[in-house]
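Undergrad: Got a file for you: entry16.txt, compact mmCIF, C-alpha atoms.
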# COMPACT_ATOMS: atom_id res chain seq x y z
CA MET Q 252 76.87 96.07 80.18
CA SER Q 253 79.87 93.77 80.55
CA LEU Q 254 82.11 96.46 79.04
CA HIS Q 255 81.06 98.78 81.87
CA LEU Q 256 81.76 96.09 84.48
CA ASN Q 257 85.20 95.44 83.03
CA ALA Q 258 85.96 99.17 83.12
CA SER Q 259 84.78 99.30 86.75
CA ASP Q 260 86.87 96.26 87.64
CA THR Q 261 89.91 97.82 85.96
CA LEU Q 262 89.45 101.12 87.81
CA TYR Q 263 88.94 99.29 91.09
CA ASP Q 264 92.08 97.19 90.58
CA THR Q 265 94.12 100.21 89.51
CA ASN Q 266 93.11 102.13 92.64
CA ALA Q 267 93.72 99.10 94.85
CA VAL Q 268 97.19 98.60 93.35
CA VAL Q 269 98.10 102.26 93.91
CA ASP Q 270 96.74 102.02 97.46
CA THR Q 271 99.23 99.20 98.07
CA LEU Q 272 102.03 101.63 97.18
CA TYR Q 273 100.55 104.19 99.57
CA ARG Q 274 100.48 101.56 102.35
CA PHE Q 275 104.15 100.87 101.66
CA ALA Q 276 105.08 104.57 101.84
CA ALA Q 277 102.93 105.32 104.88
CA GLY Q 278 104.29 102.25 106.65
CA ILE Q 279 107.82 103.59 106.24
CA ASP Q 280 107.05 107.25 106.95
CA LEU Q 281 104.81 106.57 109.96
CA ARG Q 282 107.07 103.78 111.26
CA ASP Q 283 104.08 101.46 111.21
CA ARG Q 284 105.42 97.94 110.76
CA ALA Q 285 101.96 96.37 110.44
CA LEU Q 286 100.99 98.78 107.66
CA LEU Q 287 104.34 98.28 105.90
CA SER Q 288 103.99 94.52 106.21
CA SER Q 289 100.50 94.63 104.68
CA ALA Q 290 102.01 95.88 101.41
CA PHE Q 291 104.16 92.78 100.75
CA THR Q 292 103.64 89.13 99.88
CA GLU Q 293 105.25 86.67 102.25
CA ASP Q 294 107.92 85.83 99.64
CA ALA Q 295 108.44 89.41 98.37
CA ILE Q 296 111.73 90.62 96.89
CA SER Q 297 113.00 94.20 97.24
CA ASP Q 298 115.95 95.23 95.06
CA PHE Q 299 117.33 98.68 95.84
CA ARG Q 300 120.73 97.92 94.27
CA PRO Q 301 120.36 100.12 91.13
CA ALA Q 302 119.45 103.22 93.19
CA GLY Q 303 121.98 102.40 95.88
CA ALA Q 304 124.80 102.07 93.37
CA LYS Q 305 124.06 105.53 91.94
CA ALA Q 306 124.08 106.94 95.49
CA GLY Q 307 127.46 105.28 96.11
CA PHE Q 308 126.58 102.43 98.44
CA GLU Q 309 125.80 98.73 98.27
CA TYR Q 310 122.45 97.46 99.42
CA PRO Q 311 121.59 93.76 99.32
CA VAL Q 312 118.51 92.26 97.69
CA LEU Q 313 115.98 91.68 100.47
CA GLN Q 314 113.86 88.52 100.35
CA GLY Q 315 110.76 87.82 102.37
CA ARG Q 316 108.19 90.13 103.98
CA GLU Q 317 109.69 89.87 107.48
CA THR Q 318 113.22 90.59 106.21
CA ILE Q 319 112.07 93.60 104.18
CA VAL Q 320 110.01 95.09 107.01
CA GLU Q 321 112.79 94.56 109.55
CA ALA Q 322 115.48 96.00 107.28
CA LEU Q 323 113.48 99.09 106.31
CA SER Q 324 112.23 99.73 109.84
CA THR Q 325 115.67 99.34 111.38
CA SER Q 326 117.82 101.06 108.76
CA LEU Q 327 115.55 104.10 108.44
CA GLY Q 328 114.99 104.39 112.19
CA GLY Q 329 117.31 107.40 112.59
CA LEU Q 330 115.67 109.29 109.75
CA ASP Q 331 112.50 111.25 109.20
CA THR Q 332 111.22 110.28 105.76
CA THR Q 333 108.54 111.24 103.30
CA HIS Q 334 107.77 109.18 100.22
CA SER Q 335 105.57 110.71 97.50
CA PHE Q 336 104.35 108.68 94.53
CA SER Q 337 103.52 110.18 91.14
CA ASN Q 338 102.69 109.12 87.59
CA PRO Q 339 101.74 105.51 88.37
CA ARG Q 340 101.17 103.48 85.23
CA VAL Q 341 99.30 100.31 86.20
CA VAL Q 342 98.74 97.26 84.01
CA VAL Q 343 96.54 94.50 85.46
CA ASP Q 344 96.58 91.02 83.97
CA GLY Q 345 94.35 88.69 85.98
CA ASP Q 346 95.86 88.26 89.44
CA THR Q 347 99.11 90.04 88.56
CA ALA Q 348 99.73 93.75 88.19
CA ARG Q 349 102.73 95.77 87.14
CA VAL Q 350 103.34 99.40 88.07
CA ASP Q 351 105.94 101.86 86.87
CA VAL Q 352 105.92 104.82 89.25
CA LEU Q 353 108.09 107.76 90.26
CA VAL Q 354 108.86 108.10 93.96
CA GLU Q 355 110.35 111.14 95.63
CA ALA Q 356 111.99 110.04 98.86
CA GLN Q 357 113.16 112.67 101.34
CA HIS Q 358 115.50 111.49 104.11
CA VAL Q 359 116.25 113.85 106.98
CA SER Q 360 118.50 113.07 109.92
CA SER Q 361 116.42 112.88 113.11
CA VAL Q 362 119.41 114.27 115.01
CA ASP Q 363 120.46 117.05 112.62
CA GLY Q 364 117.63 118.31 110.39
CA ALA Q 365 120.13 120.21 108.22
CA ARG Q 366 121.41 116.86 106.96
CA GLN Q 367 119.07 115.80 104.16
CA TYR Q 368 119.11 113.57 101.11
CA LEU Q 369 116.43 113.72 98.45
CA MET Q 370 116.06 111.03 95.82
CA LYS Q 371 113.75 110.76 92.81
CA ASN Q 372 113.47 107.06 92.08
CA ARG Q 373 111.68 104.95 89.54
CA TYR Q 374 110.00 101.86 90.98
CA ASP Q 375 109.25 98.84 88.80
CA VAL Q 376 106.74 96.88 90.88
CA VAL Q 377 105.05 93.51 90.35
CA LEU Q 378 102.05 92.83 92.57
CA ALA Q 379 99.92 89.78 93.26
CA ARG Q 380 96.23 89.71 94.06
CA ARG Q 381 95.59 88.10 97.44
CA ASP Q 382 92.40 87.55 99.45
CA ALA Q 383 93.18 90.67 101.48
CA GLY Q 384 93.94 92.74 98.36
CA TRP Q 385 97.03 93.53 96.31
CA GLU Q 386 100.53 92.95 97.70
CA ILE Q 387 103.99 93.73 96.33
CA LYS Q 388 105.75 90.62 95.07
CA HIS Q 389 108.84 92.21 93.54
CA VAL Q 390 110.15 95.77 93.44
CA ILE Q 391 113.22 97.16 91.72
CA VAL Q 392 114.24 100.70 92.64
CA ASP Q 393 116.39 102.75 90.28
CA ASN Q 394 117.45 106.35 90.76
CA VAL Q 395 116.66 109.20 88.35
CA TRP Q 396 118.34 112.02 90.32
CA ARG Q 397 119.47 112.83 93.84
CA THR Q 398 120.60 115.85 95.82
CA GLY Q 399 121.89 116.58 99.31
CA ASP Q 400 124.14 114.66 101.68
CA PRO Q 401 124.33 110.95 100.73
CA GLY Q 402 125.96 110.36 104.12
CA VAL Q 403 122.47 110.61 105.60
CA LEU Q 404 121.91 107.10 104.20
CA ALA Q 405 125.22 105.75 105.49
CA GLY Q 406 123.56 103.61 108.14
CA ILE Q 407 121.31 101.74 105.79
Is it possible to express this structure as structure tokens?

TA:
Amino acid sequence: MSLHLNASDTLYDTNAVVDTLYRFAAGIDLRDRALLSSAFTEDAISDFRPAGAKAGFEYPVLQGRETIVEALSTSLGGLDTTHSFSNPRVVVDGDTARVDVLVEAQHVSSVDGARQYLMKNRYDVVLARRDAGWEIKHVIVDNVWRTGDPGVLAGI
């Protein structure tokens, strides 16, 4: 019986971890700061430098939930975005989880829909279990491929 409970706990945690990534994406795409904020620990770190470098721009490491939410909400404000997650590989160890996941991020200028930039990124995410559920503690974003007009991201 305990084997079944452990399997159920693992499936529950895996789904809850992936749901945290969905909250992150939906928070960005729907411009919902509260939803975006719910995906991060208070002391979270977001490192987009590897992907940014491949796209030809510098992006600082962001530290703290409020800083991350403000930076993403402000810098992506002039864009319509969609973020799609695939192939999540989740490993849960107690109150810590790690996810390797592919993310396709489409960025379209709100002013000129012909200006688009599509990125396929690999996210390396560490999450922490909190009373309210799982939250992202650290994320590193690297780029696999990209196509379109990188100038669309010039403002971020």

Undergrad: For Thr271 (chain Q), please output as a PyMOL selection string all residues within 8 Å (counting only C-alpha atoms; exclusion window: fewer than 4 positions along the same chain).

TA: chain Q and resi 267+275+290+385-387

Undergrad: So, counting all atoms listed in the file, which residue among Q:Asn266, Q:Ser337, Q:Ser324, Q:Thr261 is closest to Tyr374 (chain Q)?

TA: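 For Tyr374 (chain Q), the nearest of the candidates is Q:Ser337.
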
Undergrad: Restricting the calculation to all atoms listed in the file: of Q:Val352, Q:Ile319, Q:Val342, Q:Val395, which residue gets closest to Leu369 (chain Q)?

TA: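 Among the listed residues, the smallest separation from Leu369 (chain Q) belongs to Q:Val395.
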
Undergrad: Using all atoms listed in the file for the distances, tell me which of Q:Asp260, Q:Gly328, Q:Pro311, Q:Gly303 is nearest to Trp396 (chain Q).

TA: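 Among the listed residues, the smallest separation from Trp396 (chain Q) belongs to Q:Gly303.
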
Undergrad: Between Q:Glu309, Q:Asp344, Q:Glu321, Q:Asp331, which residue has the minimum interatomic distance to Ala379 (chain Q), considering all atoms listed in the file?

TA: Q:Asp344

Undergrad: Write out as a ChimeraX atom specification which residues come within 12 Å of region 292-294 of chain Q when counting all atoms listed in the file, dropping same-chain ones fewer than 5 positions away.

TA: /Q:271,275,287,313-320,377-390

Undergrad: To one decimal in Å, tell me the separation between CA of Phe308 (chain Q) and CA of Asp351 (chain Q).

TA: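 Atom-to-atom, CA of Phe308 (chain Q) to CA of Asp351 (chain Q), that is 23.7 Å.
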
Undergrad: Please compute the CA of Gly364 (chain Q)-CA of Leu330 (chain Q) distance, one decimal, in Å.

TA: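 Spanning CA of Gly364 (chain Q) to CA of Leu330 (chain Q) is a straight-line distance of 9.3 Å.
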
Undergrad: For CA of Leu281 (chain Q) and CA of Asp346 (chain Q), quote the distance in Å rounded to one decimal.

TA: 28.9 Å

Undergrad: With distances taken over all atoms listed in the file, which residue among Q:His358, Q:His334, Q:Val312, Q:Leu286 lies nearest Phe299 (chain Q)?

TA: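 Closest candidate: Q:Val312.
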
Undergrad: My list of candidates is Q:Ala405, Q:Ala276, Q:Val362, Q:Leu323. Which is closest to Phe336 (chain Q) when distances are computed with all atoms listed in the file?

TA: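 That would be Q:Ala276, the residue with the smallest distance to Phe336 (chain Q).
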
Undergrad: How about completing region 327-343 of chain Q with N, CA and C atoms and giving it to me as a PDB file, in the frame of the given file?

TA:
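As written to disk, rebuild.pdb reads:
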ATOM      1  N   LEU Q 327     116.060 102.737 108.561  1.00  0.00           N
ATOM      2  CA  LEU Q 327     115.550 104.100 108.440  1.00  0.00           C
ATOM      3  C   LEU Q 327     115.135 104.692 109.787  1.00  0.00           C
ATOM      4  N   GLY Q 328     115.408 103.973 110.861  1.00  0.00           N
ATOM      5  CA  GLY Q 328     114.990 104.390 112.190  1.00  0.00           C
ATOM      6  C   GLY Q 328     115.525 105.737 112.640  1.00  0.00           C
ATOM      7  N   GLY Q 329     116.711 106.127 112.189  1.00  0.00           N
ATOM      8  CA  GLY Q 329     117.310 107.400 112.590  1.00  0.00           C
ATOM      9  C   GLY Q 329     116.985 108.535 111.643  1.00  0.00           C
ATOM     10  N   LEU Q 330     116.025 108.287 110.744  1.00  0.00           N
ATOM     11  CA  LEU Q 330     115.670 109.290 109.750  1.00  0.00           C
ATOM     12  C   LEU Q 330     114.197 109.627 109.805  1.00  0.00           C
ATOM     13  N   ASP Q 331     113.876 110.863 109.484  1.00  0.00           N
ATOM     14  CA  ASP Q 331     112.500 111.250 109.200  1.00  0.00           C
ATOM     15  C   ASP Q 331     112.370 111.182 107.692  1.00  0.00           C
ATOM     16  N   THR Q 332     111.359 110.475 107.200  1.00  0.00           N
ATOM     17  CA  THR Q 332     111.220 110.280 105.760  1.00  0.00           C
ATOM     18  C   THR Q 332     109.844 110.698 105.279  1.00  0.00           C
ATOM     19  N   THR Q 333     109.800 111.091 104.009  1.00  0.00           N
ATOM     20  CA  THR Q 333     108.540 111.240 103.300  1.00  0.00           C
ATOM     21  C   THR Q 333     108.735 110.617 101.923  1.00  0.00           C
ATOM     22  N   HIS Q 334     107.769 109.818 101.527  1.00  0.00           N
ATOM     23  CA  HIS Q 334     107.770 109.180 100.220  1.00  0.00           C
ATOM     24  C   HIS Q 334     106.513 109.621  99.475  1.00  0.00           C
ATOM     25  N   SER Q 335     106.692 110.233  98.308  1.00  0.00           N
ATOM     26  CA  SER Q 335     105.570 110.710  97.500  1.00  0.00           C
ATOM     27  C   SER Q 335     105.597 110.004  96.153  1.00  0.00           C
ATOM     28  N   PHE Q 336     104.468 109.406  95.788  1.00  0.00           N
ATOM     29  CA  PHE Q 336     104.350 108.680  94.530  1.00  0.00           C
ATOM     30  C   PHE Q 336     103.687 109.564  93.487  1.00  0.00           C
ATOM     31  N   SER Q 337     104.158 109.461  92.230  1.00  0.00           N
ATOM     32  CA  SER Q 337     103.520 110.180  91.140  1.00  0.00           C
ATOM     33  C   SER Q 337     103.619 109.389  89.838  1.00  0.00           C
ATOM     34  N   ASN Q 338     102.722 109.703  88.930  1.00  0.00           N
ATOM     35  CA  ASN Q 338     102.690 109.120  87.590  1.00  0.00           C
ATOM     36  C   ASN Q 338     102.639 107.594  87.566  1.00  0.00           C
ATOM     37  N   PRO Q 339     101.808 106.983  88.409  1.00  0.00           N
ATOM     38  CA  PRO Q 339     101.740 105.510  88.370  1.00  0.00           C
ATOM     39  C   PRO Q 339     101.093 105.039  87.072  1.00  0.00           C
ATOM     40  N   ARG Q 340     101.742 104.117  86.418  1.00  0.00           N
ATOM     41  CA  ARG Q 340     101.170 103.480  85.230  1.00  0.00           C
ATOM     42  C   ARG Q 340     100.957 102.016  85.581  1.00  0.00           C
ATOM     43  N   VAL Q 341      99.699 101.630  85.708  1.00  0.00           N
ATOM     44  CA  VAL Q 341      99.300 100.310  86.200  1.00  0.00           C
ATOM     45  C   VAL Q 341      98.778  99.474  85.042  1.00  0.00           C
ATOM     46  N   VAL Q 342      99.269  98.236  84.958  1.00  0.00           N
ATOM     47  CA  VAL Q 342      98.740  97.260  84.010  1.00  0.00           C
ATOM     48  C   VAL Q 342      98.343  96.030  84.815  1.00  0.00           C
ATOM     49  N   VAL Q 343      97.054  95.672  84.733  1.00  0.00           N
ATOM     50  CA  VAL Q 343      96.540  94.500  85.460  1.00  0.00           C
ATOM     51  C   VAL Q 343      96.294  93.391  84.462  1.00  0.00           C
TER      52      VAL Q 343
END
